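*Asks:* entry-v4.pdb is the file, holding PDB, C-alpha atoms:
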ATOM      1  CA  MET Z  13     147.423  84.852 282.313  1.00  0.00           C
ATOM      2  CA  GLY Z  14     150.767  86.510 281.744  1.00  0.00           C
ATOM      3  CA  GLN Z  15     153.177  85.513 278.998  1.00  0.00           C
ATOM      4  CA  LEU Z  16     155.846  84.630 281.589  1.00  0.00           C
ATOM      5  CA  ASP Z  17     153.714  83.123 284.358  1.00  0.00           C
ATOM      6  CA  ASN Z  18     155.738  80.897 286.709  1.00  0.00           C
ATOM      7  CA  LYS Z  19     158.958  81.639 284.872  1.00  0.00           C
ATOM      8  CA  THR Z  20     162.220  82.956 286.269  1.00  0.00           C
ATOM      9  CA  ALA Z  21     164.392  85.528 284.539  1.00  0.00           C
ATOM     10  CA  LEU Z  22     167.766  87.141 285.097  1.00  0.00           C
ATOM     11  CA  ILE Z  23     168.487  90.601 283.705  1.00  0.00           C
ATOM     12  CA  THR Z  24     172.031  91.924 283.999  1.00  0.00           C
ATOM     13  CA  GLY Z  25     172.310  95.686 284.151  1.00  0.00           C
ATOM     14  CA  GLY Z  26     168.732  95.843 285.344  1.00  0.00           C
ATOM     15  CA  THR Z  27     168.655  98.943 287.539  1.00  0.00           C
ATOM     16  CA  THR Z  28     168.034 101.609 284.885  1.00  0.00           C
ATOM     17  CA  GLY Z  29     167.120 102.142 281.257  1.00  0.00           C
ATOM     18  CA  ILE Z  30     166.251  99.191 279.037  1.00  0.00           C
ATOM     19  CA  GLY Z  31     167.157  96.628 281.701  1.00  0.00           C
ATOM     20  CA  PHE Z  32     164.851  98.138 284.305  1.00  0.00           C
ATOM     21  CA  ALA Z  33     162.007  98.673 281.833  1.00  0.00           C
ATOM     22  CA  THR Z  34     162.312  95.029 280.803  1.00  0.00           C
ATOM     23  CA  ALA Z  35     162.283  93.913 284.434  1.00  0.00           C
ATOM     24  CA  GLN Z  36     159.055  95.852 284.924  1.00  0.00           C
ATOM     25  CA  ARG Z  37     157.534  94.227 281.840  1.00  0.00           C
ATOM     26  CA  PHE Z  38     158.581  90.737 282.906  1.00  0.00           C
ATOM     27  CA  VAL Z  39     157.101  91.211 286.372  1.00  0.00           C
ATOM     28  CA  GLU Z  40     153.841  92.426 284.810  1.00  0.00           C
ATOM     29  CA  GLU Z  41     153.776  89.236 282.739  1.00  0.00           C
ATOM     30  CA  GLY Z  42     154.138  86.988 285.788  1.00  0.00           C
ATOM     31  CA  ALA Z  43     157.869  86.250 286.031  1.00  0.00           C
ATOM     32  CA  HIS Z  44     160.084  86.341 289.082  1.00  0.00           C
ATOM     33  CA  VAL Z  45     162.971  88.556 288.010  1.00  0.00           C
ATOM     34  CA  PHE Z  46     166.520  88.679 289.313  1.00  0.00           C
ATOM     35  CA  ILE Z  47     168.399  91.835 288.369  1.00  0.00           C
ATOM     36  CA  THR Z  48     172.044  92.767 288.772  1.00  0.00           C
ATOM     37  CA  GLY Z  49     173.731  96.113 289.148  1.00  0.00           C
ATOM     38  CA  ARG Z  50     177.040  97.444 290.360  1.00  0.00           C
ATOM     39  CA  ARG Z  51     175.668 100.117 292.721  1.00  0.00           C
ATOM     40  CA  GLN Z  52     173.762  98.944 295.784  1.00  0.00           C
ATOM     41  CA  GLU Z  53     171.765 102.174 296.092  1.00  0.00           C
ATOM     42  CA  ALA Z  54     170.451 101.907 292.532  1.00  0.00           C
ATOM     43  CA  LEU Z  55     169.780  98.206 293.005  1.00  0.00           C
ATOM     44  CA  ASP Z  56     167.757  98.827 296.174  1.00  0.00           C
ATOM     45  CA  ALA Z  57     165.711 101.538 294.472  1.00  0.00           C
ATOM     46  CA  ALA Z  58     164.954  99.286 291.507  1.00  0.00           C
ATOM     47  CA  ILE Z  59     163.824  96.394 293.712  1.00  0.00           C
ATOM     48  CA  THR Z  60     161.577  98.722 295.733  1.00  0.00           C
ATOM     49  CA  ALA Z  61     159.928  99.833 292.501  1.00  0.00           C
ATOM     50  CA  LEU Z  62     159.636  96.304 291.068  1.00  0.00           C
ATOM     51  CA  GLY Z  63     158.121  94.752 294.169  1.00  0.00           C
ATOM     52  CA  SER Z  64     158.063  91.299 295.712  1.00  0.00           C
ATOM     53  CA  LYS Z  65     158.482  89.358 292.476  1.00  0.00           C
ATOM     54  CA  SER Z  66     162.029  90.669 292.088  1.00  0.00           C
ATOM     55  CA  THR Z  67     165.406  90.027 293.693  1.00  0.00           C
ATOM     56  CA  GLY Z  68     168.492  92.225 293.417  1.00  0.00           C
ATOM     57  CA  ILE Z  69     172.050  90.890 293.345  1.00  0.00           C
ATOM     58  CA  ARG Z  70     174.958  93.330 293.377  1.00  0.00           C
ATOM     59  CA  GLY Z  71     177.691  92.408 290.945  1.00  0.00           C
ATOM     60  CA  ASP Z  72     179.894  93.431 288.027  1.00  0.00           C
ATOM     61  CA  VAL Z  73     179.633  91.129 285.003  1.00  0.00           C
ATOM     62  CA  ALA Z  74     183.308  91.732 284.228  1.00  0.00           C
ATOM     63  CA  ASN Z  75     184.212  90.119 287.572  1.00  0.00           C
ATOM     64  CA  LEU Z  76     184.029  86.320 287.460  1.00  0.00           C
ATOM     65  CA  ALA Z  77     183.710  86.027 291.238  1.00  0.00           C
ATOM     66  CA  ASP Z  78     180.709  88.351 291.103  1.00  0.00           C
ATOM     67  CA  LEU Z  79     179.147  86.179 288.397  1.00  0.00           C
ATOM     68  CA  ASP Z  80     179.658  83.089 290.544  1.00  0.00           C
ATOM     69  CA  HIS Z  81     177.862  84.904 293.367  1.00  0.00           C
ATOM     70  CA  VAL Z  82     174.976  85.849 291.061  1.00  0.00           C
ATOM     71  CA  PHE Z  83     174.329  82.295 289.935  1.00  0.00           C
ATOM     72  CA  SER Z  84     174.856  80.704 293.331  1.00  0.00           C
ATOM     73  CA  THR Z  85     172.292  83.146 294.727  1.00  0.00           C
ATOM     74  CA  ILE Z  86     169.764  82.184 292.053  1.00  0.00           C
ATOM     75  CA  ALA Z  87     170.454  78.490 292.662  1.00  0.00           C
ATOM     76  CA  SER Z  88     170.008  78.955 296.410  1.00  0.00           C
ATOM     77  CA  HIS Z  89     166.469  80.187 295.766  1.00  0.00           C
ATOM     78  CA  GLY Z  90     165.733  76.799 294.212  1.00  0.00           C
ATOM     79  CA  ARG Z  91     165.062  78.309 290.817  1.00  0.00           C
ATOM     80  CA  GLY Z  92     166.312  77.508 287.355  1.00  0.00           C
ATOM     81  CA  LEU Z  93     166.327  80.141 284.624  1.00  0.00           C
ATOM     82  CA  ASP Z  94     163.773  80.344 281.841  1.00  0.00           C
ATOM     83  CA  VAL Z  95     164.958  83.702 280.502  1.00  0.00           C
ATOM     84  CA  LEU Z  96     168.439  85.221 280.504  1.00  0.00           C
ATOM     85  CA  PHE Z  97     168.655  88.807 279.273  1.00  0.00           C
ATOM     86  CA  VAL Z  98     172.328  89.767 279.054  1.00  0.00           C
ATOM     87  CA  ASN Z  99     171.974  93.520 278.985  1.00  0.00           C
ATOM     88  CA  ALA Z 100     174.887  94.933 281.015  1.00  0.00           C
ATOM     89  CA  GLY Z 101     177.325  96.892 278.882  1.00  0.00           C
ATOM     90  CA  GLY Z 102     178.636 100.281 277.963  1.00  0.00           C
ATOM     91  CA  GLY Z 103     181.168 102.249 276.010  1.00  0.00           C
ATOM     92  CA  GLU Z 104     182.680 105.644 275.392  1.00  0.00           C
ATOM     93  CA  PHE Z 105     183.527 107.885 272.483  1.00  0.00           C
ATOM     94  CA  ALA Z 106     187.152 107.607 271.331  1.00  0.00           C
ATOM     95  CA  THR Z 107     188.636 107.880 267.872  1.00  0.00           C
ATOM     96  CA  LEU Z 108     191.446 105.576 266.790  1.00  0.00           C
ATOM     97  CA  GLU Z 109     193.939 108.297 267.729  1.00  0.00           C
ATOM     98  CA  GLN Z 110     192.362 108.810 271.161  1.00  0.00           C
ATOM     99  CA  LEU Z 111     191.955 105.159 272.098  1.00  0.00           C
ATOM    100  CA  THR Z 112     193.841 103.881 275.136  1.00  0.00           C
ATOM    101  CA  PRO Z 113     194.616 100.269 276.092  1.00  0.00           C
ATOM    102  CA  GLU Z 114     192.718 100.814 279.346  1.00  0.00           C
ATOM    103  CA  GLY Z 115     189.603 102.031 277.542  1.00  0.00           C
ATOM    104  CA  PHE Z 116     189.801  99.178 275.053  1.00  0.00           C
ATOM    105  CA  ASP Z 117     190.140  96.568 277.800  1.00  0.00           C
ATOM    106  CA  GLN Z 118     187.316  98.087 279.834  1.00  0.00           C
ATOM    107  CA  THR Z 119     184.821  98.042 276.972  1.00  0.00           C
ATOM    108  CA  PHE Z 120     185.724  94.560 275.774  1.00  0.00           C
ATOM    109  CA  GLY Z 121     185.872  93.338 279.375  1.00  0.00           C
ATOM    110  CA  VAL Z 122     182.304  94.350 280.137  1.00  0.00           C
ATOM    111  CA  ASN Z 123     180.599  93.910 276.776  1.00  0.00           C
ATOM    112  CA  VAL Z 124     182.286  90.775 275.441  1.00  0.00           C
ATOM    113  CA  ARG Z 125     184.044  88.977 278.295  1.00  0.00           C
ATOM    114  CA  GLY Z 126     181.218  89.802 280.679  1.00  0.00           C
ATOM    115  CA  THR Z 127     178.589  88.512 278.257  1.00  0.00           C
ATOM    116  CA  VAL Z 128     180.481  85.340 277.349  1.00  0.00           C
ATOM    117  CA  PHE Z 129     180.977  84.252 280.936  1.00  0.00           C
ATOM    118  CA  THR Z 130     177.503  85.321 282.028  1.00  0.00           C
ATOM    119  CA  VAL Z 131     176.048  82.932 279.463  1.00  0.00           C
ATOM    120  CA  GLN Z 132     178.585  80.200 280.235  1.00  0.00           C
ATOM    121  CA  LYS Z 133     177.951  80.313 283.975  1.00  0.00           C
ATOM    122  CA  ALA Z 134     174.175  80.364 283.402  1.00  0.00           C
ATOM    123  CA  LEU Z 135     174.224  77.090 281.438  1.00  0.00           C
ATOM    124  CA  PRO Z 136     173.654  74.735 284.397  1.00  0.00           C
ATOM    125  CA  LEU Z 137     170.574  76.737 285.419  1.00  0.00           C
ATOM    126  CA  LEU Z 138     168.988  77.204 281.999  1.00  0.00           C
ATOM    127  CA  SER Z 139     165.828  75.176 281.591  1.00  0.00           C
ATOM    128  CA  GLU Z 140     164.657  73.285 278.541  1.00  0.00           C
ATOM    129  CA  ASN Z 141     163.171  75.793 276.077  1.00  0.00           C
ATOM    130  CA  ALA Z 142     164.920  78.714 277.793  1.00  0.00           C
ATOM    131  CA  SER Z 143     165.413  81.996 275.953  1.00  0.00           C
ATOM    132  CA  VAL Z 144     168.755  83.809 275.985  1.00  0.00           C
ATOM    133  CA  ILE Z 145     168.672  87.407 274.748  1.00  0.00           C
ATOM    134  CA  ILE Z 146     171.781  89.478 274.099  1.00  0.00           C
ATOM    135  CA  THR Z 147     171.729  93.265 273.818  1.00  0.00           C
ATOM    136  CA  GLY Z 148     173.307  94.281 270.542  1.00  0.00           C
ATOM    137  CA  SER Z 149     173.593  97.693 268.908  1.00  0.00           C
ATOM    138  CA  THR Z 150     172.940  99.401 265.605  1.00  0.00           C
ATOM    139  CA  ALA Z 151     176.556 100.577 265.880  1.00  0.00           C
ATOM    140  CA  ALA Z 152     177.653  97.077 264.836  1.00  0.00           C
ATOM    141  CA  SER Z 153     176.013  97.619 261.448  1.00  0.00           C
ATOM    142  CA  LYS Z 154     177.369 101.116 260.823  1.00  0.00           C
ATOM    143  CA  GLY Z 155     180.627 103.011 260.803  1.00  0.00           C
ATOM    144  CA  ASN Z 156     180.076 105.643 263.471  1.00  0.00           C
ATOM    145  CA  PRO Z 157     183.192 107.784 264.025  1.00  0.00           C
ATOM    146  CA  ALA Z 158     184.685 107.571 267.528  1.00  0.00           C
ATOM    147  CA  PHE Z 159     182.595 104.523 268.416  1.00  0.00           C
ATOM    148  CA  GLY Z 160     184.701 101.805 266.852  1.00  0.00           C
ATOM    149  CA  VAL Z 161     185.573  99.767 269.930  1.00  0.00           C
ATOM    150  CA  TYR Z 162     181.991  99.707 271.192  1.00  0.00           C
ATOM    151  CA  ALA Z 163     180.764  98.730 267.716  1.00  0.00           C
ATOM    152  CA  ALA Z 164     183.349  95.943 267.540  1.00  0.00           C
ATOM    153  CA  THR Z 165     182.176  94.506 270.858  1.00  0.00           C
ATOM    154  CA  LYS Z 166     178.608  94.406 269.630  1.00  0.00           C
ATOM    155  CA  ALA Z 167     179.682  92.805 266.346  1.00  0.00           C
ATOM    156  CA  ALA Z 168     181.418  90.121 268.414  1.00  0.00           C
ATOM    157  CA  LEU Z 169     178.201  89.520 270.322  1.00  0.00           C
ATOM    158  CA  ARG Z 170     176.307  89.148 267.037  1.00  0.00           C
ATOM    159  CA  SER Z 171     178.740  86.377 266.096  1.00  0.00           C
ATOM    160  CA  PHE Z 172     178.396  84.675 269.476  1.00  0.00           C
ATOM    161  CA  THR Z 173     174.604  84.795 269.115  1.00  0.00           C
ATOM    162  CA  ARG Z 174     174.840  82.718 265.946  1.00  0.00           C
ATOM    163  CA  THR Z 175     177.312  80.241 267.441  1.00  0.00           C
ATOM    164  CA  TRP Z 176     175.469  79.776 270.726  1.00  0.00           C
ATOM    165  CA  SER Z 177     172.137  79.276 268.959  1.00  0.00           C
ATOM    166  CA  ALA Z 178     173.711  76.328 267.138  1.00  0.00           C
ATOM    167  CA  GLU Z 179     175.493  74.959 270.206  1.00  0.00           C
ATOM    168  CA  LEU Z 180     172.419  75.099 272.451  1.00  0.00           C
ATOM    169  CA  ALA Z 181     169.795  73.977 269.950  1.00  0.00           C
ATOM    170  CA  GLY Z 182     170.038  70.418 271.274  1.00  0.00           C
ATOM    171  CA  ARG Z 183     168.670  71.677 274.606  1.00  0.00           C
ATOM    172  CA  ASN Z 184     165.929  73.659 272.813  1.00  0.00           C
ATOM    173  CA  ILE Z 185     167.487  76.867 274.133  1.00  0.00           C
ATOM    174  CA  ARG Z 186     166.935  79.827 271.834  1.00  0.00           C
ATOM    175  CA  VAL Z 187     169.573  82.572 271.564  1.00  0.00           C
ATOM    176  CA  ASN Z 188     168.754  85.891 269.918  1.00  0.00           C
ATOM    177  CA  ALA Z 189     169.968  89.472 269.935  1.00  0.00           C
ATOM    178  CA  ILE Z 190     167.824  92.537 270.528  1.00  0.00           C
ATOM    179  CA  VAL Z 191     169.172  95.572 268.678  1.00  0.00           C
ATOM    180  CA  PRO Z 192     167.803  98.839 270.046  1.00  0.00           C
ATOM    181  CA  GLY Z 193     168.048 102.088 268.215  1.00  0.00           C
ATOM    182  CA  PRO Z 194     169.033 105.181 270.201  1.00  0.00           C
ATOM    183  CA  THR Z 195     166.972 105.004 273.378  1.00  0.00           C
ATOM    184  CA  GLU Z 196     166.305 107.702 275.950  1.00  0.00           C
ATOM    185  CA  THR Z 197     168.292 106.280 278.870  1.00  0.00           C
ATOM    186  CA  PRO Z 198     170.797 107.621 281.409  1.00  0.00           C
ATOM    187  CA  GLY Z 199     173.479 105.563 279.682  1.00  0.00           C
ATOM    188  CA  LEU Z 200     172.951 107.319 276.365  1.00  0.00           C
ATOM    189  CA  SER Z 201     172.937 110.789 277.911  1.00  0.00           C
ATOM    190  CA  GLY Z 202     176.027 109.836 279.907  1.00  0.00           C
ATOM    191  CA  LEU Z 203     178.098 109.541 276.740  1.00  0.00           C
ATOM    192  CA  ALA Z 204     178.195 113.352 276.608  1.00  0.00           C
ATOM    193  CA  PRO Z 205     180.529 115.278 278.926  1.00  0.00           C
ATOM    194  CA  ASP Z 206     177.805 117.610 280.260  1.00  0.00           C
ATOM    195  CA  ALA Z 207     174.051 118.234 280.187  1.00  0.00           C
ATOM    196  CA  ASN Z 208     174.163 120.824 277.401  1.00  0.00           C
ATOM    197  CA  GLN Z 209     176.102 118.543 275.106  1.00  0.00           C
ATOM    198  CA  ALA Z 210     173.894 115.610 276.093  1.00  0.00           C
ATOM    199  CA  GLN Z 211     170.840 117.403 274.727  1.00  0.00           C
ATOM    200  CA  GLY Z 212     172.638 118.067 271.458  1.00  0.00           C
ATOM    201  CA  LEU Z 213     173.716 114.438 271.250  1.00  0.00           C
ATOM    202  CA  LEU Z 214     170.174 113.174 271.775  1.00  0.00           C
ATOM    203  CA  GLU Z 215     168.786 115.535 269.141  1.00  0.00           C
ATOM    204  CA  MET Z 216     171.441 114.472 266.650  1.00  0.00           C
ATOM    205  CA  LEU Z 217     170.752 110.782 267.242  1.00  0.00           C
ATOM    206  CA  ALA Z 218     166.994 111.271 266.938  1.00  0.00           C
ATOM    207  CA  GLY Z 219     167.574 113.012 263.624  1.00  0.00           C
ATOM    208  CA  ASN Z 220     169.177 109.844 262.243  1.00  0.00           C
ATOM    209  CA  VAL Z 221     166.082 107.749 262.978  1.00  0.00           C
ATOM    210  CA  PRO Z 222     163.433 107.584 260.211  1.00  0.00           C
ATOM    211  CA  LEU Z 223     160.677 107.739 262.838  1.00  0.00           C
ATOM    212  CA  GLY Z 224     162.221 111.022 263.957  1.00  0.00           C
ATOM    213  CA  ARG Z 225     162.613 110.344 267.660  1.00  0.00           C
ATOM    214  CA  LEU Z 226     164.419 108.308 270.294  1.00  0.00           C
ATOM    215  CA  ALA Z 227     162.943 105.062 271.551  1.00  0.00           C
ATOM    216  CA  GLN Z 228     161.531 104.848 275.044  1.00  0.00           C
ATOM    217  CA  PRO Z 229     162.914 101.993 277.190  1.00  0.00           C
ATOM    218  CA  ALA Z 230     159.440 100.434 277.460  1.00  0.00           C
ATOM    219  CA  GLU Z 231     159.311 100.074 273.673  1.00  0.00           C
ATOM    220  CA  ILE Z 232     162.521  98.050 273.668  1.00  0.00           C
ATOM    221  CA  ALA Z 233     161.253  96.037 276.639  1.00  0.00           C
ATOM    222  CA  ASN Z 234     158.220  94.989 274.596  1.00  0.00           C
ATOM    223  CA  ALA Z 235     160.511  93.589 271.912  1.00  0.00           C
ATOM    224  CA  VAL Z 236     162.604  91.747 274.519  1.00  0.00           C
ATOM    225  CA  LEU Z 237     159.414  90.271 275.963  1.00  0.00           C
ATOM    226  CA  PHE Z 238     158.518  88.904 272.552  1.00  0.00           C
ATOM    227  CA  LEU Z 239     161.868  87.102 272.285  1.00  0.00           C
ATOM    228  CA  ALA Z 240     161.516  85.815 275.846  1.00  0.00           C
ATOM    229  CA  SER Z 241     158.023  84.462 275.360  1.00  0.00           C
ATOM    230  CA  ASP Z 242     156.565  81.436 273.602  1.00  0.00           C
ATOM    231  CA  GLN Z 243     155.473  83.814 270.841  1.00  0.00           C
ATOM    232  CA  ALA Z 244     159.058  83.511 269.548  1.00  0.00           C
ATOM    233  CA  SER Z 245     159.292  79.728 269.945  1.00  0.00           C
ATOM    234  CA  PHE Z 246     160.672  79.182 266.406  1.00  0.00           C
ATOM    235  CA  ILE Z 247     163.091  82.119 266.401  1.00  0.00           C
ATOM    236  CA  THR Z 248     166.769  81.622 267.197  1.00  0.00           C
ATOM    237  CA  GLY Z 249     170.125  82.899 266.023  1.00  0.00           C
ATOM    238  CA  THR Z 250     168.736  86.168 264.752  1.00  0.00           C
ATOM    239  CA  GLU Z 251     168.699  89.894 265.483  1.00  0.00           C
ATOM    240  CA  LEU Z 252     165.478  91.755 266.221  1.00  0.00           C
ATOM    241  CA  PHE Z 253     165.962  95.401 265.294  1.00  0.00           C
ATOM    242  CA  ALA Z 254     163.888  97.770 267.404  1.00  0.00           C
ATOM    243  CA  ASP Z 255     165.583 100.795 265.897  1.00  0.00           C
ATOM    244  CA  GLY Z 256     162.896 102.991 264.366  1.00  0.00           C
ATOM    245  CA  GLY Z 257     164.299 102.083 260.953  1.00  0.00           C
ATOM    246  CA  GLU Z 258     167.775 103.509 261.652  1.00  0.00           C
ATOM    247  CA  VAL Z 259     169.656 100.620 260.032  1.00  0.00           C
ATOM    248  CA  GLN Z 260     166.921  99.249 257.809  1.00  0.00           C
ATOM    249  CA  VAL Z 261     165.803 102.358 255.930  1.00  0.00           C
TER     250      VAL Z 261
END
Translate this file's structure into structure tokens.

*Replies:*
Amino acid sequence: MGQLDNKTALITGGTTGIGFATAQRFVEEGAHVFITGRRQEALDAAITALGSKSTGIRGDVANLADLDHVFSTIASHGRGLDVLFVNAGGGEFATLEQLTPEGFDQTFGVNVRGTVFTVQKALPLLSENASVIITGSTAASKGNPAFGVYAATKAALRSFTRTWSAELAGRNIRVNAIVPGPTETPGLSGLAPDANQAQGLLEMLAGNVPLGRLAQPAEIANAVLFLASDQASFITGTELFADGGEVQV
């Protein structure tokens, strides 16, 4: 038996990286998984790889109409939600001097506004004993130059995790944050302006991790699975650091 047999999950930002690896893990453990993504081509490729126990829904979490479409689609399949993994997000490097209002609004719009309204609009579908998992970041615990806005969005999500865990406890819904360390994903490499600088960025980030390497998406997916499963039935309102010791050591 799988840890998620007969359960239904939604993963936002599920076409690549940690989101896709988690979708694979959930399917292996018996769940039917809905994933979202903004690009139809990437969404189609992910669903082909995941197989028949998955459904793709194109949408941008920063767009409330898209979110309405996501949840109406899930409802139309006659399914509630046992697991909600709010993973969609992103950011860019910009110092205080370089920051623009457009960049600020974009990052907060996706990471904070998108997360808040994803969880809000999921509430009618969340089952008793559901697990809500928010993707955080080690950046929220550090002072990384040129990453202040991104870090602030993730600090906001840490606060919401605490609040929502208290607000939803009466429904036995658990809310936790997964905090990955630097992970070998297209999103991380994409922070650099070109391939040569991307390699340097990845090497620098790996050097800051006590284990001496980047995480693989599957390693983070294993930690998300733990929070999603009954193995974490008495865990709520907390952060699970899967960071190779980056913040803890």

*Asks:* Taking the file as I've supplied it (selection: the PyMOL selection byres ((chain Z and resi 87) around 12)), which residues are included? Please answer as a ChimeraX atom specification.

*Replies:* /Z:20,22,46,80-86,88-93,133-138

*Asks:* For Z:Gly25, which residue among Z:Phe38, Z:Phe105, Z:Phe97, Z:Trp176 is the nearest when counting only C-alpha atoms?

*Replies:*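 Closest to Z:Gly25 of all the choices is Z:Phe97.
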
*Asks:* Could you list the residues chosen by the PyMOL selection byres ((chain Z and resi 50) around 10) in this structure as number ranges by chain?

*Replies:* Z: 24-27, 48-49, 51-55, 69-73, 78, 100

*Asks:* Would you list the contacts of Z:Val144 as a PyMOL selection string, taking every protein, DNA or RNA residue within 8 Å and counting only C-alpha atoms, but skipping same-chain residues closer than 5 positions in sequence?

*Replies:* chain Z and resi 95-98+185-188+240

*Asks:* Can you work out the spacing between atom CA of Z:Gly202 and atom CA of Z:Val259 in Å, to one decimal?

*Replies:*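 Between atom CA of Z:Gly202 and atom CA of Z:Val259 the gap works out to 22.8 Å.
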
*Asks:* Name the closest residue to Z:Glu258 among the candidates Z:Thr150, Z:Asn184, Z:Phe159, Z:Ser245; distances are taken between atoms, counting only C-alpha atoms.

*Replies:* Z:Thr150

*Asks:* I would like the residues chosen by the PyMOL selection byres ((chain Z and resi 44) around 8) on the shown file; could you give them as a list in words?

*Replies:*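 Taken over the shown coordinates, the PyMOL selection byres ((chain Z and resi 44) around 8) returns Asn18, Lys19, Thr20, Ala21, Phe38, Val39, Gly42, Ala43, Val45, Phe46, Lys65, Ser66 and Thr67 of chain Z.
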
*Asks:* Build an axis-aligned box that encloses every atom of stretch 23-40 of chain Z listed in the file, pad it by 4 Å on each side, and report its centre and edge lengths in Å to one decimal, as AutoDock Vina command-line options.

*Replies:*
--center_x 163.1 --center_y 96.4 --center_z 283.3 --size_x 26.5 --size_y 19.5 --size_z 16.5

*Asks:* Using atom CA of Z:Arg170 and atom CA of Z:Phe116 as the two end points, give the distance in Å to one decimal.

*Replies:* 18.6 Å

*Asks:* Which is closest to Z:Arg174 among Z:Thr248, Z:Thr119, Z:Glu114, Z:Phe129, if we use all atoms listed in the file?

*Replies:*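 Selected residue with least distance to Z:Arg174: Z:Thr248.
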
*Asks:* Neighbourhood query: residues within 10 Å of (164.2, 100.0, 287.3), file coordinates, counting all atoms listed in the file; return as a PyMOL selection string.

*Replies:* chain Z and resi 25-36+47+54-62

*Asks:* When you count all atoms listed in the file, which of these residues is closest to Z:Leu76: Z:Thr130, Z:Thr195, Z:Thr165, Z:Gln243?

*Replies:*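 Distance minimum relative to Z:Leu76 lands on Z:Thr130.
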
*Asks:* Distance atom CA of Z:Gly121-atom CA of Z:Ala106, one decimal place?

*Replies:*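 Computing it gives 16.4 Å between the two atoms.
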
*Asks:* I need the residue nearest Z:Ala164 from this list: Z:Ala152, Z:Ala233, Z:Ala210, Z:Leu108. Use all atoms listed in the file for the distance.

*Replies:*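 The shortest atom-to-atom distance to Z:Ala164 comes from Z:Ala152.
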
*Asks:* Need to verify the contact set: Z:Gly224, 12 Å, all atoms listed in the file, exclusion of same-chain residues closer than 6 positions in sequence. Can you return it as number ranges by chain?

*Replies:* Z: 193-194, 214-218, 255-258

*Asks:* Between Z:Gln209, Z:Arg125, Z:Ser64, Z:Glu196, which residue has the minimum interatomic distance to Z:Arg225, considering all atoms listed in the file?

*Replies:*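 Comparing Z:Gln209, Z:Arg125, Z:Ser64, Z:Glu196 against Z:Arg225, the winner is Z:Glu196.
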